[in-house]
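> So I've got this file, data02.cif, and it contains mmCIF, C-alpha atoms:
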```cif
data_data
loop_
_atom_site.label_atom_id
_atom_site.label_comp_id
_atom_site.auth_asym_id
_atom_site.auth_seq_id
_atom_site.Cartn_x
_atom_site.Cartn_y
_atom_site.Cartn_z
CA GLU A 1 0.00 0.00 0.00
CA PRO A 2 1.50 3.41 -0.99
CA GLY A 3 2.93 5.29 1.97
CA ARG A 4 2.98 2.33 4.35
CA GLY A 5 5.90 0.28 3.16
CA PHE A 6 7.34 -2.69 5.01
CA TYR A 7 9.11 -2.82 8.37
CA PHE A 8 11.76 -5.30 9.42
CA GLY A 9 11.04 -6.67 12.86
CA SER A 10 7.30 -6.06 13.03
CA PRO A 11 5.36 -9.05 14.42
CA ILE A 12 3.12 -10.53 11.73
CA GLY A 13 0.08 -10.01 13.94
CA VAL A 14 0.71 -6.26 13.91
CA VAL A 15 0.93 -6.13 10.11
CA CYS A 16 -2.15 -8.19 9.29
CA SER A 17 -4.49 -10.96 10.36
CA GLU A 18 -2.79 -14.33 10.02
CA ASP A 19 -5.84 -15.91 8.40
CA SER A 20 -5.54 -13.52 5.46
CA CYS A 21 -2.38 -15.09 4.07
CA PHE A 22 -1.15 -16.58 0.80
CA PRO A 23 -0.12 -19.32 0.34
CA LYS A 24 -2.97 -20.53 2.51
CA SER A 25 -0.96 -23.51 3.76
CA VAL A 26 0.98 -21.22 6.11
CA ALA A 27 -2.04 -19.38 7.54
CA TYR A 28 -1.79 -19.25 11.35
CA LYS A 29 1.77 -20.58 11.22
CA VAL A 30 3.71 -17.82 9.44
CA ASN A 31 6.07 -17.65 12.41
CA SER A 32 6.44 -21.39 12.84
CA TYR A 33 6.26 -23.19 9.48
CA GLN A 34 9.18 -25.43 8.55
CA LEU A 35 11.11 -24.67 5.39
CA GLY A 36 11.51 -27.48 2.87
CA TRP A 37 13.26 -27.80 -0.47
CA ASP A 38 11.85 -29.26 -3.69
CA ALA A 39 14.88 -30.21 -5.79
CA SER A 40 12.76 -30.99 -8.85
CA SER A 41 11.47 -27.42 -9.13
CA TRP A 42 14.39 -25.75 -7.31
CA THR A 43 11.86 -24.16 -4.98
CA CYS A 44 11.53 -23.53 -1.24
CA VAL A 45 8.30 -25.08 0.03
CA ASP A 46 6.23 -25.49 3.16
CA LYS A 47 7.75 -28.71 4.52
CA GLU A 48 4.42 -29.99 5.86
CA THR A 49 2.37 -29.54 2.68
CA GLY A 50 4.94 -29.15 -0.12
CA THR A 51 3.34 -25.86 -1.16
CA PRO A 52 5.75 -23.42 -2.85
CA LEU A 53 6.41 -20.43 -0.59
CA THR A 54 5.72 -17.74 -3.15
CA PHE A 55 2.97 -16.09 -5.19
CA ASP A 56 2.38 -14.81 -8.72
CA PHE A 57 3.91 -11.33 -8.85
CA ASN A 58 1.72 -10.43 -11.83
CA SER A 59 -1.57 -11.23 -10.11
CA ASP A 60 -3.76 -9.42 -7.59
CA TYR A 61 -4.66 -11.06 -4.29
CA SER A 62 -7.31 -10.32 -1.70
CA GLU A 63 -5.06 -11.52 1.13
CA THR A 64 -3.25 -8.89 3.18
CA LEU A 65 -0.07 -10.97 3.63
CA LEU A 66 1.75 -12.43 0.62
CA LEU A 67 4.66 -14.67 1.58
CA HIS A 68 7.70 -15.15 -0.63
CA GLU A 69 10.64 -17.12 0.74
CA GLN A 70 12.98 -18.27 -1.99
CA SER A 71 16.70 -18.31 -2.73
CA GLY A 72 18.31 -15.65 -4.89
CA GLY A 73 19.14 -12.00 -4.52
CA GLY A 74 21.93 -9.73 -5.65
CA VAL A 75 21.54 -6.47 -7.54
CA GLN A 76 17.82 -6.88 -8.30
CA SER A 77 17.08 -6.88 -4.57
CA ILE A 78 17.61 -3.12 -4.53
CA ARG A 79 14.08 -2.86 -5.89
CA ALA A 80 12.78 -4.53 -2.74
CA LEU A 81 14.86 -2.29 -0.48
CA SER A 82 13.48 0.80 -2.20
CA LEU A 83 10.01 -0.22 -0.92
CA MET A 84 11.10 -0.95 2.63
CA ARG A 85 11.64 1.14 5.72
CA LEU A 86 13.53 0.42 8.90
CA LYS A 87 11.80 0.55 12.25
CA PRO A 88 12.91 3.74 14.05
CA GLU A 89 14.87 1.94 16.77
CA ILE A 90 16.71 -0.23 14.22
CA LYS A 91 17.45 2.74 11.99
CA GLN A 92 18.86 4.67 14.95
CA LYS A 93 21.01 1.70 15.99
CA ILE A 94 22.55 1.52 12.51
CA LYS A 95 23.12 5.28 12.39
CA ASN A 96 24.80 5.18 15.81
CA ILE A 97 27.16 2.43 14.65
CA ILE A 98 28.08 4.32 11.47
CA GLN A 99 28.73 7.49 13.48
CA SER A 100 30.86 5.67 16.04
CA LEU A 101 33.01 4.06 13.32
CA GLY A 102 34.00 7.35 11.71
CA GLU A 103 35.85 6.75 8.45
CA TYR A 104 36.32 3.07 7.75
CA ASP A 105 36.73 0.42 5.05
CA SER A 106 34.55 -2.67 4.88
CA ILE A 107 35.16 -6.25 3.74
CA HIS A 108 32.65 -8.99 3.02
CA ILE A 109 33.64 -12.66 3.25
CA ARG A 110 31.26 -15.56 2.63
CA ASN A 111 32.82 -18.79 3.79
CA THR A 112 30.25 -21.38 4.84
CA ASP A 113 28.36 -23.07 2.01
CA LEU A 114 30.55 -21.11 -0.43
CA LYS A 115 34.27 -21.14 0.34
CA THR A 116 36.85 -18.40 -0.17
CA ASP A 117 40.59 -17.98 0.30
CA TYR A 118 40.04 -15.21 2.81
CA LYS A 119 43.54 -15.39 4.25
CA GLU A 120 45.07 -14.58 0.87
CA PHE A 121 42.44 -11.89 0.32
CA PHE A 122 43.31 -10.22 3.63
CA SER A 123 47.00 -10.31 2.65
CA GLN A 124 46.20 -8.56 -0.63
CA LEU A 125 44.39 -5.78 1.26
CA LYS A 126 46.96 -5.28 4.00
CA ASP A 127 48.78 -2.45 2.19
CA LYS A 128 45.52 -0.82 1.04
CA ILE A 129 43.79 -0.61 4.41
CA LYS A 130 45.66 1.40 7.00
CA GLY A 131 42.82 2.62 9.21
CA ASN A 132 39.61 1.32 10.72
CA VAL A 133 38.17 -1.79 9.06
CA VAL A 134 34.97 -3.81 9.47
CA VAL A 135 34.80 -7.43 8.33
CA CYS A 136 31.28 -8.75 7.75
CA THR A 137 31.09 -12.51 7.36
CA ASP A 138 28.89 -15.55 7.88
CA ASP A 139 31.74 -17.65 9.31
CA PHE A 140 32.86 -17.68 12.94
CA ARG A 141 36.36 -18.81 11.91
CA VAL A 142 36.78 -15.85 9.54
CA GLN A 143 35.80 -13.47 12.31
CA GLN A 144 38.35 -15.00 14.68
CA TYR A 145 41.11 -14.85 12.05
CA ALA A 146 40.21 -11.25 11.20
CA GLN A 147 40.67 -10.24 14.84
CA ASP A 148 44.18 -11.65 14.81
CA PHE A 149 45.04 -10.27 11.36
CA TRP A 150 43.73 -6.70 11.68
CA GLY A 151 44.27 -6.30 15.41
CA ASP A 152 43.21 -2.97 16.89
CA ASN A 153 42.15 -1.65 13.47
CA LEU A 154 39.24 -4.10 13.39
CA SER A 155 35.82 -3.08 14.69
CA VAL A 156 33.67 -6.08 15.62
CA LEU A 157 29.97 -5.24 15.34
CA HIS A 158 28.60 -8.47 16.81
CA SER A 159 29.77 -11.97 17.64
CA LEU A 160 28.87 -14.89 15.40
CA PRO A 161 27.79 -18.32 16.65
CA ASP A 162 30.08 -21.21 15.79
CA THR A 163 27.94 -23.29 13.42
CA GLY A 164 30.76 -25.63 12.43
CA GLY A 165 30.94 -24.13 8.97
CA LYS A 166 27.21 -24.39 8.24
CA PRO A 167 25.33 -21.36 6.89
CA LEU A 168 23.55 -19.35 9.56
CA HIS A 169 20.18 -19.95 7.91
CA ARG A 170 20.75 -23.70 8.20
CA SER A 171 21.78 -23.82 11.84
CA PRO A 172 20.05 -26.69 13.70
CA LEU A 173 16.63 -25.34 14.70
CA ASN A 174 15.74 -28.48 16.64
CA ASP A 175 18.63 -28.13 19.09
CA VAL A 176 17.92 -25.43 21.65
CA LYS A 177 21.53 -25.29 22.81
CA LYS A 178 22.82 -24.69 19.26
CA ARG A 179 19.98 -22.54 17.99
CA ALA A 180 20.90 -18.89 17.55
CA ASP A 181 18.20 -16.33 18.18
CA GLN A 182 16.82 -15.77 14.67
CA TYR A 183 15.80 -12.17 15.25
CA THR A 184 19.27 -11.28 16.50
CA LEU A 185 20.88 -13.00 13.51
CA ASN A 186 18.57 -11.23 11.08
CA LEU A 187 19.23 -7.89 12.75
CA GLY A 188 22.98 -8.50 12.56
CA THR A 189 22.68 -9.29 8.85
CA LEU A 190 20.74 -6.08 8.28
CA ILE A 191 23.33 -4.05 10.18
CA ASP A 192 26.12 -5.66 8.13
CA LEU A 193 24.39 -4.67 4.90
CA PHE A 194 24.23 -0.98 5.79
CA ILE A 195 27.72 -0.94 7.28
CA LEU A 196 29.16 -2.46 4.09
CA ALA A 197 27.24 0.02 1.94
CA SER A 198 28.24 3.07 4.00
CA ALA A 199 32.01 2.44 4.08
CA LYS A 200 34.58 4.67 2.40
CA ASN A 201 35.82 1.62 0.47
CA PHE A 202 34.11 -1.74 0.10
CA TYR A 203 36.02 -4.94 -0.74
CA LYS A 204 34.27 -8.18 -1.68
CA CYS A 205 36.01 -11.53 -1.97
CA LYS A 206 35.21 -13.95 -4.79
CA THR A 207 34.43 -17.52 -3.79
CA ASN A 208 36.73 -20.34 -4.84
CA ASP A 209 34.52 -20.99 -7.88
CA GLY A 210 34.80 -17.35 -8.99
CA ARG A 211 31.42 -16.08 -7.80
CA ILE A 212 30.46 -13.00 -5.82
CA SER A 213 27.87 -13.73 -3.15
CA GLY A 214 24.41 -12.26 -3.56
CA PHE A 215 24.76 -10.40 -0.26
CA ALA A 216 27.94 -8.67 -1.45
CA GLN A 217 26.19 -7.78 -4.70
CA LEU A 218 23.31 -6.27 -2.76
CA ALA A 219 25.69 -4.20 -0.63
CA GLU A 220 27.43 -2.98 -3.79
CA SER A 221 24.07 -2.15 -5.36
CA LEU A 222 23.03 -0.20 -2.26
CA ARG A 223 26.30 1.75 -2.43
CA SER A 224 25.54 2.63 -6.05
CA HIS A 225 22.04 3.83 -5.16
CA PRO A 226 22.80 6.52 -2.54
CA ARG A 227 19.26 7.88 -2.72
CA VAL A 228 17.87 4.54 -1.54
CA LEU A 229 20.54 4.29 1.16
CA LYS A 230 19.84 7.83 2.38
CA LYS A 231 16.05 7.33 2.33
CA MET A 232 16.32 4.25 4.52
CA LEU A 233 18.51 5.96 7.11
CA ILE A 234 16.89 9.39 7.41
#
```
Now that the file is in, can you turn its structure into structure tokens?

Amino acid sequence: EPGRGFYFGSPIGVVCSEDSCFPKSVAYKVNSYQLGWDASSWTCVDKETGTPLTFDFNSDYSETLLLHEQSGGGVQSIRALSLMRLKPEIKQKIKNIIQSLGEYDSIHIRNTDLKTDYKEFFSQLKDKIKGNVVVCTDDFRVQQYAQDFWGDNLSVLHSLPDTGGKPLHRSPLNDVKKRADQYTLNLGTLIDLFILASAKNFYKCKTNDGRISGFAQLAESLRSHPRVLKKMLI
């Protein structure tokens, strides 16, 4: 709806009635459904029913909540960000972090399901980065190595759980002791995105198969759309 936008962190019950949801298989369980994967269609589905977790973007719906949870991202995701707003307390938290950092460079390393030679990448950047640096990563081991490598020049925004090399979104949800608080993880990811995009210089590391992660592409896209970045933080 024009003028309303979307807010990260708003409980679903505040946004709409849970019975007015598409796909209908997740009605009343939008906060608790289990994610499944259909390899034949390359689609994320509701694990209980096998229903694809998406909708037809070219159709109109009477439901007030349309759910889309699928893989993919990168530069096209800037269109989604242009429609979103941050909750005031989250926006202020990000602005406070940016202000406290002063001038800094940022690095993104993805090293769980996709592997990188981050040690060599850090070595390549050692002569380029002389001041404050932030390393945003999905891997606990990368964060630990970065603290040793960059020393006092490194600003650590938040600690990562040790998932044993598994992606954060695939951490074991059935083990209470190992389960990371999902809201905190999502908030940390959101903070990382804006910190990467707001840096003086941004460095992204290719994976071992020559790819750039979708998250790094999104951060680069946000950097190249300063009007979107400014709108989300003012």
> How many Å lie between CA of Asp192 (chain A) and CA of Leu125 (chain A), rounded to one decimal?
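Computed distance, CA of Asp192 (chain A) to CA of Leu125 (chain A), equals 19.5 Å.
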> I need the residue set behind the PyMOL selection byres ((chain A and resi 219-232) around 8) for this file; please write it as a list in words.
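That expression, the PyMOL selection byres ((chain A and resi 219-232) around 8), corresponds here to Gly74, Val75, Ile78, Leu81, Ser82, Met84, Arg85, Leu86, Lys91, Leu193, Phe194, Leu196, Ala197, Ser198, Phe202, Phe215, Ala216, Gln217, Leu218, Leu233 and Ile234 of chain A.
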> Tell me, as a count of residues only, which residues lie within 10 Å of Leu114 (chain A), counting all atoms listed in the file; anything in the same chain fewer than 3 positions away does not count.
13
> Apply the PyMOL selection byres ((chain A and resi 201) around 8) to the file shown and report the selected residues as a compact mmCIF listing (two decimals) with C-alpha atoms, in the frame of the given file.

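For reference, selection_7.txt as written:
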```
# COMPACT_ATOMS: atom_id res chain seq x y z
CA TYR A 104 36.32 3.07 7.75
CA ASP A 105 36.73 0.42 5.05
CA SER A 106 34.55 -2.67 4.88
CA ALA A 199 32.01 2.44 4.08
CA LYS A 200 34.58 4.67 2.40
CA PHE A 202 34.11 -1.74 0.10
CA TYR A 203 36.02 -4.94 -0.74
```
> Would you mind telling me which residue in A:Gln34, A:Asn186, A:Asn132, A:Gln147 lies nearest to Gly102 (chain A) when using only C-alpha atoms?
A:Asn132
> List the residues matched by the PyMOL selection byres ((chain A and resi 71) around 10) in the displayed structure as a JSON list (two decimals) with C-alpha atoms, in the frame of the given file, ordered by chain and then by residue number.

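Listed below is the output, result.json:
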```
[["chain", "number", "residue", "atom", "x", "y", "z"],
["A", 42, "TRP", "CA", 14.39, -25.75, -7.31],
["A", 43, "THR", "CA", 11.86, -24.16, -4.98],
["A", 44, "CYS", "CA", 11.53, -23.53, -1.24],
["A", 68, "HIS", "CA", 7.70, -15.15, -0.63],
["A", 69, "GLU", "CA", 10.64, -17.12, 0.74],
["A", 70, "GLN", "CA", 12.98, -18.27, -1.99],
["A", 72, "GLY", "CA", 18.31, -15.65, -4.89],
["A", 73, "GLY", "CA", 19.14, -12.00, -4.52],
["A", 214, "GLY", "CA", 24.41, -12.26, -3.56]]
```
> Can you tell me how far CA of Leu154 (chain A) sits from CA of Pro88 (chain A), in Å to one decimal?
27.5 Å
> Determine, counting all atoms listed in the file, which protein, DNA and RNA residues have an atom within 12 Å of an atom of Leu187 (chain A); residues of the same chain fewer than 4 positions away are not included. Present the result as an MDAnalysis selection string.
chainID A and resid 8:9 86:87 89:91 93:94 157:158 181:183 191:194
> Find the residue from A:His108, A:Lys24, A:Leu66, A:Val156 that sits nearest to Gly50 (chain A); use all atoms listed in the file when measuring.
A:Lys24
> Using the partial input, fill out region 181-192 of chain A with all heavy atoms; write the result as a PDB file, keeping the file's coordinate frame.

```pdb
ATOM      1  N   ASP A 181      19.411 -17.118  18.239  1.00  0.00           N
ATOM      2  CA  ASP A 181      18.200 -16.330  18.180  1.00  0.00           C
ATOM      3  C   ASP A 181      18.043 -15.749  16.779  1.00  0.00           C
ATOM      4  O   ASP A 181      18.873 -14.974  16.321  1.00  0.00           O
ATOM      5  CB  ASP A 181      18.254 -15.213  19.207  1.00  0.00           C
ATOM      6  CG  ASP A 181      17.044 -14.317  19.143  1.00  0.00           C
ATOM      7  OD1 ASP A 181      15.967 -14.764  19.552  1.00  0.00           O
ATOM      8  OD2 ASP A 181      17.171 -13.192  18.641  1.00  0.00           O
ATOM      9  N   GLN A 182      16.968 -16.127  16.076  1.00  0.00           N
ATOM     10  CA  GLN A 182      16.820 -15.770  14.670  1.00  0.00           C
ATOM     11  C   GLN A 182      16.663 -14.266  14.477  1.00  0.00           C
ATOM     12  O   GLN A 182      17.187 -13.700  13.526  1.00  0.00           O
ATOM     13  CB  GLN A 182      15.612 -16.505  14.059  1.00  0.00           C
ATOM     14  CG  GLN A 182      15.630 -16.523  12.534  1.00  0.00           C
ATOM     15  CD  GLN A 182      16.863 -17.226  11.977  1.00  0.00           C
ATOM     16  OE1 GLN A 182      17.139 -18.361  12.330  1.00  0.00           O
ATOM     17  NE2 GLN A 182      17.610 -16.542  11.139  1.00  0.00           N
ATOM     18  N   TYR A 183      15.958 -13.622  15.372  1.00  0.00           N
ATOM     19  CA  TYR A 183      15.800 -12.170  15.250  1.00  0.00           C
ATOM     20  C   TYR A 183      17.153 -11.478  15.359  1.00  0.00           C
ATOM     21  O   TYR A 183      17.462 -10.575  14.572  1.00  0.00           O
ATOM     22  CB  TYR A 183      14.848 -11.643  16.317  1.00  0.00           C
ATOM     23  CG  TYR A 183      14.658 -10.147  16.256  1.00  0.00           C
ATOM     24  CD1 TYR A 183      13.688  -9.583  15.441  1.00  0.00           C
ATOM     25  CD2 TYR A 183      15.464  -9.294  17.007  1.00  0.00           C
ATOM     26  CE1 TYR A 183      13.534  -8.204  15.363  1.00  0.00           C
ATOM     27  CE2 TYR A 183      15.316  -7.922  16.943  1.00  0.00           C
ATOM     28  CZ  TYR A 183      14.342  -7.375  16.127  1.00  0.00           C
ATOM     29  OH  TYR A 183      14.199  -6.022  16.055  1.00  0.00           O
ATOM     30  N   THR A 184      17.955 -11.892  16.318  1.00  0.00           N
ATOM     31  CA  THR A 184      19.270 -11.280  16.500  1.00  0.00           C
ATOM     32  C   THR A 184      20.155 -11.504  15.282  1.00  0.00           C
ATOM     33  O   THR A 184      20.864 -10.596  14.844  1.00  0.00           O
ATOM     34  CB  THR A 184      19.962 -11.863  17.754  1.00  0.00           C
ATOM     35  OG1 THR A 184      19.148 -11.608  18.899  1.00  0.00           O
ATOM     36  CG2 THR A 184      21.332 -11.238  17.963  1.00  0.00           C
ATOM     37  N   LEU A 185      20.104 -12.720  14.710  1.00  0.00           N
ATOM     38  CA  LEU A 185      20.880 -13.000  13.510  1.00  0.00           C
ATOM     39  C   LEU A 185      20.416 -12.147  12.336  1.00  0.00           C
ATOM     40  O   LEU A 185      21.231 -11.588  11.597  1.00  0.00           O
ATOM     41  CB  LEU A 185      20.780 -14.479  13.146  1.00  0.00           C
ATOM     42  CG  LEU A 185      21.519 -15.470  14.037  1.00  0.00           C
ATOM     43  CD1 LEU A 185      21.250 -16.898  13.573  1.00  0.00           C
ATOM     44  CD2 LEU A 185      23.016 -15.191  14.039  1.00  0.00           C
ATOM     45  N   ASN A 186      19.104 -12.030  12.170  1.00  0.00           N
ATOM     46  CA  ASN A 186      18.570 -11.230  11.080  1.00  0.00           C
ATOM     47  C   ASN A 186      18.931  -9.752  11.251  1.00  0.00           C
ATOM     48  O   ASN A 186      19.268  -9.060  10.273  1.00  0.00           O
ATOM     49  CB  ASN A 186      17.057 -11.383  10.991  1.00  0.00           C
ATOM     50  CG  ASN A 186      16.647 -12.747  10.477  1.00  0.00           C
ATOM     51  OD1 ASN A 186      17.445 -13.455   9.876  1.00  0.00           O
ATOM     52  ND2 ASN A 186      15.413 -13.127  10.722  1.00  0.00           N
ATOM     53  N   LEU A 187      18.860  -9.283  12.482  1.00  0.00           N
ATOM     54  CA  LEU A 187      19.230  -7.890  12.750  1.00  0.00           C
ATOM     55  C   LEU A 187      20.705  -7.663  12.453  1.00  0.00           C
ATOM     56  O   LEU A 187      21.088  -6.653  11.854  1.00  0.00           O
ATOM     57  CB  LEU A 187      18.909  -7.533  14.202  1.00  0.00           C
ATOM     58  CG  LEU A 187      19.298  -6.122  14.639  1.00  0.00           C
ATOM     59  CD1 LEU A 187      18.612  -5.078  13.771  1.00  0.00           C
ATOM     60  CD2 LEU A 187      18.939  -5.910  16.113  1.00  0.00           C
ATOM     61  N   GLY A 188      21.552  -8.611  12.851  1.00  0.00           N
ATOM     62  CA  GLY A 188      22.980  -8.500  12.560  1.00  0.00           C
ATOM     63  C   GLY A 188      23.259  -8.463  11.070  1.00  0.00           C
ATOM     64  O   GLY A 188      24.114  -7.709  10.593  1.00  0.00           O
ATOM     65  N   THR A 189      22.524  -9.284  10.305  1.00  0.00           N
ATOM     66  CA  THR A 189      22.680  -9.290   8.850  1.00  0.00           C
ATOM     67  C   THR A 189      22.280  -7.954   8.262  1.00  0.00           C
ATOM     68  O   THR A 189      22.955  -7.424   7.361  1.00  0.00           O
ATOM     69  CB  THR A 189      21.822 -10.412   8.231  1.00  0.00           C
ATOM     70  OG1 THR A 189      22.234 -11.661   8.766  1.00  0.00           O
ATOM     71  CG2 THR A 189      21.973 -10.444   6.717  1.00  0.00           C
ATOM     72  N   LEU A 190      21.205  -7.384   8.760  1.00  0.00           N
ATOM     73  CA  LEU A 190      20.740  -6.080   8.280  1.00  0.00           C
ATOM     74  C   LEU A 190      21.757  -4.991   8.599  1.00  0.00           C
ATOM     75  O   LEU A 190      22.058  -4.136   7.762  1.00  0.00           O
ATOM     76  CB  LEU A 190      19.391  -5.766   8.915  1.00  0.00           C
ATOM     77  CG  LEU A 190      18.571  -4.638   8.305  1.00  0.00           C
ATOM     78  CD1 LEU A 190      18.217  -4.940   6.862  1.00  0.00           C
ATOM     79  CD2 LEU A 190      17.303  -4.399   9.117  1.00  0.00           C
ATOM     80  N   ILE A 191      22.296  -5.025   9.803  1.00  0.00           N
ATOM     81  CA  ILE A 191      23.330  -4.050  10.180  1.00  0.00           C
ATOM     82  C   ILE A 191      24.540  -4.191   9.267  1.00  0.00           C
ATOM     83  O   ILE A 191      25.084  -3.193   8.767  1.00  0.00           O
ATOM     84  CB  ILE A 191      23.725  -4.250  11.656  1.00  0.00           C
ATOM     85  CG1 ILE A 191      22.576  -3.835  12.579  1.00  0.00           C
ATOM     86  CG2 ILE A 191      24.994  -3.451  11.984  1.00  0.00           C
ATOM     87  CD1 ILE A 191      22.811  -4.170  14.041  1.00  0.00           C
ATOM     88  N   ASP A 192      24.970  -5.423   9.020  1.00  0.00           N
ATOM     89  CA  ASP A 192      26.120  -5.660   8.130  1.00  0.00           C
ATOM     90  C   ASP A 192      25.889  -5.033   6.765  1.00  0.00           C
ATOM     91  O   ASP A 192      26.798  -4.428   6.187  1.00  0.00           O
ATOM     92  CB  ASP A 192      26.362  -7.161   7.968  1.00  0.00           C
ATOM     93  CG  ASP A 192      27.055  -7.786   9.167  1.00  0.00           C
ATOM     94  OD1 ASP A 192      27.412  -7.043  10.102  1.00  0.00           O
ATOM     95  OD2 ASP A 192      27.233  -9.017   9.163  1.00  0.00           O
TER      96      ASP A 192
END
```
